[in-house]
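Engineer: My questions will all concern the structure given below.
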Amino acid sequence: MTTETTSKKFNIDTVEHAEQTPEQPLPWAELGLKENEYDRVVEILGRRPTAAELAMYSVMWSEHCSYKSSKVHLRQFGDKVTEEMKEHLLVGIGENAGVVDIGDGWAVTFKVESHNHPSFVEPYQGAATGVGGIVRDIISMGARPVAVMDPLRFGAIDHPDTPRLVHGIVSGIGGYGNSLGLPNIGGEVVFDSVYQGNPLVNALAVGVLRHEDIRLANASGVGNKVVLFGARTGGDGIGGASVLASESFDDAKPSKRPAVQVGDPFAEKVLIECCLELFKNSIVEGIQDLGAAGISCATSELASNGDGGMHVELTNVLLRDPSLTPGEILMSESQERMMAVVTPENVAAFEAIMDKWNVEYSWLGEVTDTGRLIIEWDGEKIVDVDPRTVAHDGPVYERPYSRPVWLDGVQADSFSAEAPTDLRAAVLELMASPNMCSKDWITNQYDRYVQGNTALAMPDDAGVVRVDEETGLGIALSTDANGRYSYLNPYDGARLALAEAYRNVATSGAKPMAVTDCLNFGSPEDPEVMWQFAESVRGLADACQELGVPVTGGNVSLYNQTGGVAIHPTPVVGVLGVFDDVARRTPSGWREDGQAIYLLGTTRNELDGSEWANLRGHLGGQPPALDLDAEKTLAAILVNSSRDGMIDAAHDLSEGGLAAALSEAALRFGVGARIGIDELCERDGIDPFTALFSESQARAIVSVPRSEEVRFNDMCTARNFPRIRIGVVDAENDALDVQGHFTLPLAELKEAHEATLPKHFG
Amino acid sequence: MTIETPLIGHSAAEVVDESLSGVRVGVVTFPGTLDDRDALRAVRIAGGTGVQLWHGDHDLKDVDAVIIPGGFSYGDYLRAGAISRFAPLMEQITAAASGGSLPVLGICNGFQVLTEAHLLPGSMVKNNHLHFLCKDQRLLVENSSTAWTSSYGEGSEIVVPLKNQDGQFVADERTLDELEGEGRVVFRYVGGNPNGSRRDIAGITNEHGNVVGLMPHPEHAVEPGFGPDSSAFGEVEVRGGVDGLGIFTSVLQKLVNK
Amino acid sequence: MPRIVVDVMPKPEILDPQGKAIAGALPRLGFTGFAEVRQGKRFELTVEGDVTEEVLDHARNAAATLLSNPVIEDVTRVAVIEDAQ
Amino acid sequence: MPRIVVDVMPKPEILDPQGKAIAGALPRLGFTGFAEVRQGKRFELTVEGDVTEEVLDHARNAAATLLSNPVIEDVTRVAVIEDAQ
Ligand SMILES: Nc1ncnc2c1ncn2[C@@H]1O[C@H](COP(=O)(O)OP(=O)(O)O)[C@@H](O)[C@H]1O
Ligand SMILES: [Mg+2]
């Protein structure tokens, strides 16, 4: 290799040099590009890329950044949106996060993202930086983050590697989120051996803003300044040895590149406050967080969403590791950084705010109208591209997909084990099982109080946060997924996930408004996985349309597989609901002696894919049937009865069916109940075991004050929705008494419910 | 100019005593402070006027009392409170508080800052179970003659949230004996020690009774609907516990009567 | 009783937020002259009885597995200190 | 560049929860022979230029005031390490 640039630290591969040396081999394969993708880069540029350009295209055209395998399917989320669904959407799919109008000039932005693989390698830091990344997405919309949630999936609870992951991931989520002052208001914990080598760490963040504060990631206004601020840039995320060999040091080897990223929650907390101060004083024109693909992503996205051009001097980037090459600086995924566009008049004000918060910044360049993203290294041009070709024109694949041949066999294999004779023991077993046990050991490691606006959190059905202290206007959020249902039927599984999150939000009393999702799947190169993915997206998009709630953003995580074995398809769905006043939120447990307990909905014999079948080691058949009209009616009943003060408690039925719902509602405040299920069995033509363990959808239990019973019944009748009085709250007897079948003292139930996690991880 | 989100300063929550609004209570914000808005809200609900103070300033803005709120100032890096105690504003606070005049309350991280600044004895180390723990905690108010506890009857109990990772109070035996002997243990954990704190101590005061530090968070138990599910004073609505309010009314009443 | 000391430091290429915060605080307190600060851990293992090769081996293995996280930290020293305290 | 190392250990009379947890874990992992474990901190301060008396003084003072809390910790060492890396 030629080394004529003796005065420089690196063999800078300039654009000029690239033009002169068309034959020079480049490590595109090592950087993850396919041959046809590399050829396309050459075609776009009309020459070979420089090392820095290659770095940019390779990271931006990766699966993670370009959504090349999923794009063709994700379009349905946009295509299947009606005008009516768009009514409350201020910003739709495509930006860092969607923004929803919740009234009174307030808006909410929320999104869920995955950090699965990094969390397997280094659980604490992987989970921590997952929270950090999603929170920066929320800030970059102009919002104050107000809460986080963490849907998690681990391998078998008794696998020797599980404690490492549980301890690391939970303390990472807590360590980062707690330090940011963001209440954790909910999530999920599921144990299943399919996630053994691929735990799922999804993180959701939600933020609040005034309509006029919405910020977008675009660089407009020729002559406006581009600034990078926050943490310094290190070798994070570049991974192992530098493959950009043509860029390596003249005389020495580059120092090592970290295998994992370490989060600095303190830096991020300061970044939040300092960005909010920038927004409040209208100091930034456009802003973008730095996540995957770092500066490559921020510059190319800002430029292509704005006036189309940007000029950057890369040596201005403040480095943590001075041995980084230009390409590495462009690829680095160092955390806690932001990029903003600032008018020349606001430069001084910007710097004053940075100084106040002691945040480092560097001016990198300015916005141009040339349509080109030009990056220089010490005055020499190392990148000269149309930013759109980097950010938006990545490859798009129509990957082949095919329905798995094994699916028919699995679907035909219905759960047929005999009903247990001892229902009391069965309920105890269920409530102590890894997926149904109390998650307190985990959620007690999260701050749910900070900010003073949390109206409901764990273990209630949805997290509820007040937005406006004057009016009580607020939001509810729930995330759900059932990998087993999706395995049995990915189309229905995705719809069921949406239905459950929707139902949870309505159970808390909020009106469901919008959706975010994180689609966790195996390898898209496996046609069977690709089929699961395609079916899930189709199902979710269809169900969103039917329920009238638009997808506002989300994330796709592929390649979650160990060897040839993929995880269950796991589309995690988050639903956002709105409250006119959070004071009327409905908790999931009853408290008043003598209130009537009603079961809403119809119970069928639906045990396939259920928690009970899972406990018996069975997975086959079809997931529970879904009736979205019934879900809508149920939601309307729950929201209206909350609004009109007809119910004091409501808990939806999902995994574990009525047995789980009754147990949880009793344990919520430690108040018992007398329940009778015989009439229900007769009405729905089922046996007591099915009544308790079936996972039929569109069901909930509510507790109704005596004075409201007539009104409540009238409302159900008017809506033609099945309900049945199944018992009364019994504050005298500290027991769940299912008459004629069993009595479970609450102390015993609580003990069984709460002991499981401490036993394995305490 | 846009409104700060979430909205602060306009809570619909009922104010306890309007006649206290003349009392100005400063709440210090360090980089990494988290519960400053919550402390300001608590002061407001109690009836006082909250004043935001910035750690880097040299001016106490004529406040009548100071709260150092919870959070992770400087990330709790090195030791909780270790870096914050050197803030310029801490000099003013130390000067005004050590003589016994300025009432100062340190909550959680604020308590840690006060011990690092030697305004209060002892220190906090990691919880004995090594985890962050968030729970509703029952406390015994053992000393109701401090600037911050006079609204409570001697020996009352309260329920307020506890949430921390480094909450285990430690001191040498002599200091502990001295604290006990002088009645300077203000709050003690009841119903089980959540973190291994020596002698179940949750909060202490200095010799003058003007400086109080405690690990649990009274500012999270001041507004119905957003507090703990229970109260030591009897049945409450869901999340209706407001047992922490007395801390804030104590200081306001004391100052207004001065 | 003899002690074995194990020093564990964050890998040089890994961000050390604590060290960074300390480095930021030092000059504010008038302590100048330092370019960088890194914060690691120091473990002192008190040995029951004599420091045999086996005990040292245990210490080395513990250092590599339990006391450090090889993804982000290096064990920089495992050594016996014999002191007269 | 020369470095100054500062070792800070929890005072013997203060319970060290992290050390205790490690001491409990060691035998479970088969690492036997240890009576006690204490976990302290090790700081490495990289010196800009030469290690003058003044810089060493700064390090000693920083160790006593910022890097340790005398109520619970002892500074057990402040020393220059010159390494050939
Ligand atoms: N990882 C987690 N983080 C925070 N909250 C959690 C987590 N896992 C479960 N929870 C909370 O525990 C409660 C019970 O969870 P789950 O049974 O999955 O609820 P549901 O069936 O209503 O969706 C919910 O409030 C949920 O938000
Ligand atoms: Mg639910």
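We name chains A, B, ... following the order of the structure tokens; residues begin at 1 in each chain, and ligands are numbered from 1 as shown.
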Could you list, as a PDB file with N, CA and C atoms, in the first residue's frame, every residue of chain A that has an atom within 6 Å of an atom of chain C, counting only C-alpha atoms?
Structural biologist:
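What follows is the written file iface.pdb:
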```pdb
ATOM      1  N   PRO A 258     -13.458  -1.669  21.868  1.00  0.00           N
ATOM      2  CA  PRO A 258     -14.244  -2.364  22.896  1.00  0.00           C
ATOM      3  C   PRO A 258     -15.240  -3.343  22.293  1.00  0.00           C
ATOM      4  N   VAL A 262     -20.344   0.713  27.124  1.00  0.00           N
ATOM      5  CA  VAL A 262     -20.664   0.968  28.523  1.00  0.00           C
ATOM      6  C   VAL A 262     -21.504   2.228  28.577  1.00  0.00           C
ATOM      7  N   ASP A 264     -23.378   5.498  30.351  1.00  0.00           N
ATOM      8  CA  ASP A 264     -23.107   6.495  31.383  1.00  0.00           C
ATOM      9  C   ASP A 264     -24.426   7.236  31.639  1.00  0.00           C
TER      10      ASP A 264
END
```
Engineer: Please extract the residues at most 9 Å from ligand 2, counting only C-alpha atoms and all ligand atoms, and provide them as a list in words, using the chain letters and residue numbers of this document.
Structural biologist: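 Answer in the requested format: Pro459, Asp460, Asp461, Ala462, Ser478, Asp480, Glu500, Ala501, Arg503, Asn504, Val505, Thr507, Ser588, His651, Asp652, Leu653, Ser654, Glu655, Ala661 and Ala700 of chain A.
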Engineer: Taking the DSSP assignment computed from this structure's backbone, write out as a ChimeraX atom specification all residues of chain C that belong to alpha helix (DSSP H).
Structural biologist: /C:17-28,53-65
Engineer: Find the residues of chain B in contact range of chain C, meaning any atom within 8 Å when counting only C-alpha atoms, and list them as a list in words.
Structural biologist: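 Result, ordered by chain then number: Tyr74, Tyr77, Leu78, Ile83 and Phe86 of chain B.
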Engineer: Suppose we keep N, CA and C atoms; can you now write the selection as a PDB file, in the first residue's frame?
Structural biologist:
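The result, stored in result06.pdb:
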```pdb
ATOM      1  N   TYR B  74     -24.265  13.470  40.114  1.00  0.00           N
ATOM      2  CA  TYR B  74     -23.021  12.974  39.509  1.00  0.00           C
ATOM      3  C   TYR B  74     -23.055  11.455  39.367  1.00  0.00           C
ATOM      4  N   TYR B  77     -21.457   8.362  41.198  1.00  0.00           N
ATOM      5  CA  TYR B  77     -20.137   7.826  40.919  1.00  0.00           C
ATOM      6  C   TYR B  77     -19.218   8.146  42.089  1.00  0.00           C
ATOM      7  N   LEU B  78     -18.213   7.304  42.243  1.00  0.00           N
ATOM      8  CA  LEU B  78     -17.253   7.408  43.344  1.00  0.00           C
ATOM      9  C   LEU B  78     -17.949   6.991  44.639  1.00  0.00           C
ATOM     10  N   ILE B  83     -19.176  13.922  45.136  1.00  0.00           N
ATOM     11  CA  ILE B  83     -18.744  15.028  44.276  1.00  0.00           C
ATOM     12  C   ILE B  83     -19.617  16.259  44.546  1.00  0.00           C
ATOM     13  N   PHE B  86     -19.007  19.250  47.138  1.00  0.00           N
ATOM     14  CA  PHE B  86     -18.064  20.324  46.859  1.00  0.00           C
ATOM     15  C   PHE B  86     -18.682  21.448  46.018  1.00  0.00           C
TER      16      PHE B  86
END
```
Engineer: Write out as an NGL selection string which residues come within 9 Å of Glu157 (chain B) when counting only C-alpha atoms, dropping same-chain ones fewer than 4 positions away.
Structural biologist: :B and (138-142 or 152-153 or 190 or 231-233 or 243)
Engineer: Can you check which residues of chain D DSSP gives as strand (DSSP E or B) on the backbone and send them as a CSV table (one decimal) with N, CA, C and O atoms, in the first residue's frame?
Structural biologist:
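Okay, this is what ended up in part11.csv:
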```csv
chain,number,residue,atom,x,y,z
D,3,ARG,N,1.8,7.3,36.2
D,3,ARG,CA,0.5,7.2,36.9
D,3,ARG,C,0.6,7.2,38.4
D,3,ARG,O,1.6,6.6,38.9
D,4,ILE,N,-0.3,7.8,39.1
D,4,ILE,CA,-0.3,7.7,40.5
D,4,ILE,C,-1.5,6.8,40.9
D,4,ILE,O,-2.6,6.9,40.4
D,5,VAL,N,-1.2,5.8,41.7
D,5,VAL,CA,-2.3,4.9,42.1
D,5,VAL,C,-2.7,5.2,43.6
D,5,VAL,O,-1.9,5.5,44.4
D,6,VAL,N,-4.0,5.2,43.8
D,6,VAL,CA,-4.6,5.5,45.1
D,6,VAL,C,-5.4,4.3,45.5
D,6,VAL,O,-6.4,3.9,44.7
D,7,ASP,N,-5.1,3.6,46.6
D,7,ASP,CA,-5.9,2.5,47.0
D,7,ASP,C,-6.8,2.9,48.2
D,7,ASP,O,-6.3,3.6,49.1
D,8,VAL,N,-8.1,2.6,48.1
D,8,VAL,CA,-9.0,3.0,49.2
D,8,VAL,C,-9.7,1.7,49.6
D,8,VAL,O,-10.3,1.0,48.8
D,9,MET,N,-9.7,1.4,50.9
D,9,MET,CA,-10.3,0.2,51.4
D,9,MET,C,-11.4,0.6,52.5
D,9,MET,O,-11.2,1.6,53.2
D,10,PRO,N,-12.5,-0.2,52.6
D,10,PRO,CA,-13.4,0.1,53.6
D,10,PRO,C,-12.7,-0.2,55.0
D,10,PRO,O,-11.9,-1.1,55.1
D,34,PHE,N,-10.4,-19.1,51.9
D,34,PHE,CA,-10.4,-17.6,52.2
D,34,PHE,C,-11.3,-17.4,53.4
D,34,PHE,O,-12.4,-17.8,53.5
D,35,ALA,N,-10.8,-16.6,54.4
D,35,ALA,CA,-11.5,-16.3,55.6
D,35,ALA,C,-12.4,-15.1,55.4
D,35,ALA,O,-13.5,-15.0,56.0
D,36,GLU,N,-11.9,-14.1,54.6
D,36,GLU,CA,-12.7,-12.9,54.5
D,36,GLU,C,-12.3,-12.2,53.2
D,36,GLU,O,-11.2,-12.4,52.6
D,37,VAL,N,-13.2,-11.4,52.7
D,37,VAL,CA,-13.0,-10.7,51.5
D,37,VAL,C,-13.4,-9.2,51.7
D,37,VAL,O,-14.5,-9.0,52.3
D,38,ARG,N,-12.6,-8.3,51.3
D,38,ARG,CA,-13.0,-6.9,51.4
D,38,ARG,C,-12.8,-6.3,50.0
D,38,ARG,O,-11.9,-6.5,49.3
D,39,GLN,N,-13.8,-5.5,49.6
D,39,GLN,CA,-13.7,-4.8,48.3
D,39,GLN,C,-13.5,-3.3,48.5
D,39,GLN,O,-14.3,-2.6,49.1
D,40,GLY,N,-12.4,-2.9,47.9
D,40,GLY,CA,-12.1,-1.5,47.9
D,40,GLY,C,-12.0,-0.9,46.6
D,40,GLY,O,-12.5,-1.5,45.6
D,41,LYS,N,-11.4,0.3,46.5
D,41,LYS,CA,-11.3,0.9,45.2
D,41,LYS,C,-9.9,1.2,44.8
D,41,LYS,O,-9.1,1.4,45.7
D,42,ARG,N,-9.6,1.2,43.6
D,42,ARG,CA,-8.3,1.5,43.1
D,42,ARG,C,-8.4,2.6,42.0
D,42,ARG,O,-9.1,2.4,41.1
D,43,PHE,N,-7.8,3.7,42.3
D,43,PHE,CA,-7.8,4.8,41.3
D,43,PHE,C,-6.5,4.9,40.6
D,43,PHE,O,-5.4,4.8,41.3
D,44,GLU,N,-6.5,5.1,39.3
D,44,GLU,CA,-5.2,5.4,38.6
D,44,GLU,C,-5.3,6.8,38.0
D,44,GLU,O,-6.2,7.0,37.2
D,45,LEU,N,-4.5,7.7,38.5
D,45,LEU,CA,-4.5,9.1,38.0
D,45,LEU,C,-3.3,9.2,37.1
D,45,LEU,O,-2.2,9.0,37.5
D,46,THR,N,-3.6,9.5,35.8
D,46,THR,CA,-2.5,9.7,34.8
D,46,THR,C,-2.0,11.1,35.0
D,46,THR,O,-2.8,12.1,35.0
D,47,VAL,N,-0.7,11.2,35.1
D,47,VAL,CA,-0.2,12.6,35.4
D,47,VAL,C,0.3,13.2,34.0
D,47,VAL,O,0.9,12.5,33.2
D,73,GLU,N,-13.9,4.8,55.1
D,73,GLU,CA,-12.8,4.2,54.3
D,73,GLU,C,-11.4,4.7,54.8
D,73,GLU,O,-11.3,5.8,55.4
D,74,ASP,N,-10.4,3.9,54.5
D,74,ASP,CA,-9.0,4.3,54.7
D,74,ASP,C,-8.3,4.4,53.3
D,74,ASP,O,-8.5,3.6,52.5
D,75,VAL,N,-7.5,5.4,53.2
D,75,VAL,CA,-6.6,5.5,52.1
D,75,VAL,C,-5.4,4.6,52.4
D,75,VAL,O,-4.7,4.9,53.4
D,76,THR,N,-5.2,3.5,51.7
D,76,THR,CA,-4.1,2.6,52.1
D,76,THR,C,-2.8,2.8,51.4
D,76,THR,O,-1.8,2.3,51.7
D,77,ARG,N,-2.9,3.6,50.3
D,77,ARG,CA,-1.7,3.8,49.5
D,77,ARG,C,-1.9,4.9,48.5
D,77,ARG,O,-3.0,5.0,47.9
D,78,VAL,N,-0.9,5.7,48.4
D,78,VAL,CA,-0.8,6.7,47.3
D,78,VAL,C,0.6,6.5,46.8
D,78,VAL,O,1.6,6.8,47.5
D,79,ALA,N,0.8,6.1,45.6
D,79,ALA,CA,2.2,5.8,45.1
D,79,ALA,C,2.2,6.0,43.6
D,79,ALA,O,1.2,5.8,42.8
D,80,VAL,N,3.4,6.2,43.1
D,80,VAL,CA,3.7,6.4,41.7
D,80,VAL,C,3.9,5.0,41.1
D,80,VAL,O,4.7,4.2,41.6
D,81,ILE,N,3.3,4.8,40.0
D,81,ILE,CA,3.7,3.6,39.2
D,81,ILE,C,4.2,4.0,37.8
D,81,ILE,O,3.5,4.8,37.1
```
Engineer: What are the residues of chain A lining chain B at 9 Å or less? Count only C-alpha atoms, and put the answer as a ChimeraX atom specification.
Structural biologist: /A:143-144,146,171,174-175,178-182,208-210,212-213,264-267,269-270,273,276,279-282,356-358,443-456,466-472,582-583,587,669,762
Engineer: Restricting the output to C-alpha atoms, write the selected residues as an mmCIF file, in the first residue's frame.
Structural biologist:
```cif
data_model
loop_
_atom_site.group_PDB
_atom_site.id
_atom_site.type_symbol
_atom_site.label_atom_id
_atom_site.label_comp_id
_atom_site.auth_asym_id
_atom_site.auth_seq_id
_atom_site.Cartn_x
_atom_site.Cartn_y
_atom_site.Cartn_z
ATOM 1 C CA ALA A 143 -40.115 15.609 24.382
ATOM 2 C CA ARG A 144 -39.391 15.175 28.047
ATOM 3 C CA VAL A 146 -41.602 10.541 31.483
ATOM 4 C CA SER A 171 -29.923 -4.368 37.286
ATOM 5 C CA GLY A 174 -32.808 -0.379 36.766
ATOM 6 C CA GLY A 175 -29.322 1.064 36.979
ATOM 7 C CA ASN A 178 -33.452 4.767 37.876
ATOM 8 C CA SER A 179 -30.497 7.083 37.390
ATOM 9 C CA LEU A 180 -32.335 8.998 34.678
ATOM 10 C CA GLY A 181 -35.275 9.675 36.948
ATOM 11 C CA LEU A 182 -37.709 7.795 34.754
ATOM 12 C CA VAL A 208 -44.461 14.296 26.710
ATOM 13 C CA LEU A 209 -44.363 17.551 24.807
ATOM 14 C CA ARG A 210 -46.430 20.521 23.678
ATOM 15 C CA GLU A 212 -45.321 23.385 19.130
ATOM 16 C CA ASP A 213 -42.239 21.701 20.569
ATOM 17 C CA ASP A 264 -23.107 6.495 31.383
ATOM 18 C CA PRO A 265 -26.597 7.269 32.726
ATOM 19 C CA PHE A 266 -25.355 10.381 34.438
ATOM 20 C CA ALA A 267 -24.194 11.779 31.106
ATOM 21 C CA LYS A 269 -29.527 12.572 32.441
ATOM 22 C CA VAL A 270 -27.526 15.746 31.924
ATOM 23 C CA GLU A 273 -31.965 18.355 30.881
ATOM 24 C CA LEU A 276 -34.943 20.346 27.185
ATOM 25 C CA PHE A 279 -35.960 23.165 23.193
ATOM 26 C CA LYS A 280 -37.478 25.541 25.704
ATOM 27 C CA ASN A 281 -35.388 28.384 24.369
ATOM 28 C CA SER A 282 -35.926 27.339 20.735
ATOM 29 C CA LYS A 356 -24.090 25.411 32.254
ATOM 30 C CA TRP A 357 -24.553 21.655 32.169
ATOM 31 C CA ASN A 358 -20.873 20.970 31.648
ATOM 32 C CA THR A 443 -40.004 -4.685 39.697
ATOM 33 C CA ASN A 444 -38.983 -3.680 43.223
ATOM 34 C CA GLN A 445 -35.599 -2.909 41.708
ATOM 35 C CA TYR A 446 -37.197 -0.188 39.618
ATOM 36 C CA ASP A 447 -38.192 3.290 40.780
ATOM 37 C CA ARG A 448 -41.887 3.759 40.054
ATOM 38 C CA TYR A 449 -42.343 6.956 42.070
ATOM 39 C CA VAL A 450 -39.885 9.415 40.595
ATOM 40 C CA GLN A 451 -41.471 12.466 38.948
ATOM 41 C CA GLY A 452 -44.527 12.076 41.160
ATOM 42 C CA ASN A 453 -46.939 11.443 38.307
ATOM 43 C CA THR A 454 -47.309 7.670 38.385
ATOM 44 C CA ALA A 455 -50.957 6.856 38.989
ATOM 45 C CA LEU A 456 -50.685 3.109 38.362
ATOM 46 C CA ARG A 466 -50.284 12.006 34.602
ATOM 47 C CA VAL A 467 -49.249 14.505 31.951
ATOM 48 C CA ASP A 468 -50.960 17.721 33.036
ATOM 49 C CA GLU A 469 -51.032 18.351 36.768
ATOM 50 C CA GLU A 470 -53.743 20.934 36.432
ATOM 51 C CA THR A 471 -56.323 18.823 34.630
ATOM 52 C CA GLY A 472 -55.173 15.300 35.360
ATOM 53 C CA VAL A 582 -55.969 9.852 35.681
ATOM 54 C CA ALA A 583 -57.827 10.210 38.978
ATOM 55 C CA PRO A 587 -56.726 -0.627 39.805
ATOM 56 C CA PHE A 669 -54.675 -5.417 48.128
ATOM 57 C CA GLY A 762 -32.541 -14.078 45.533
#
```
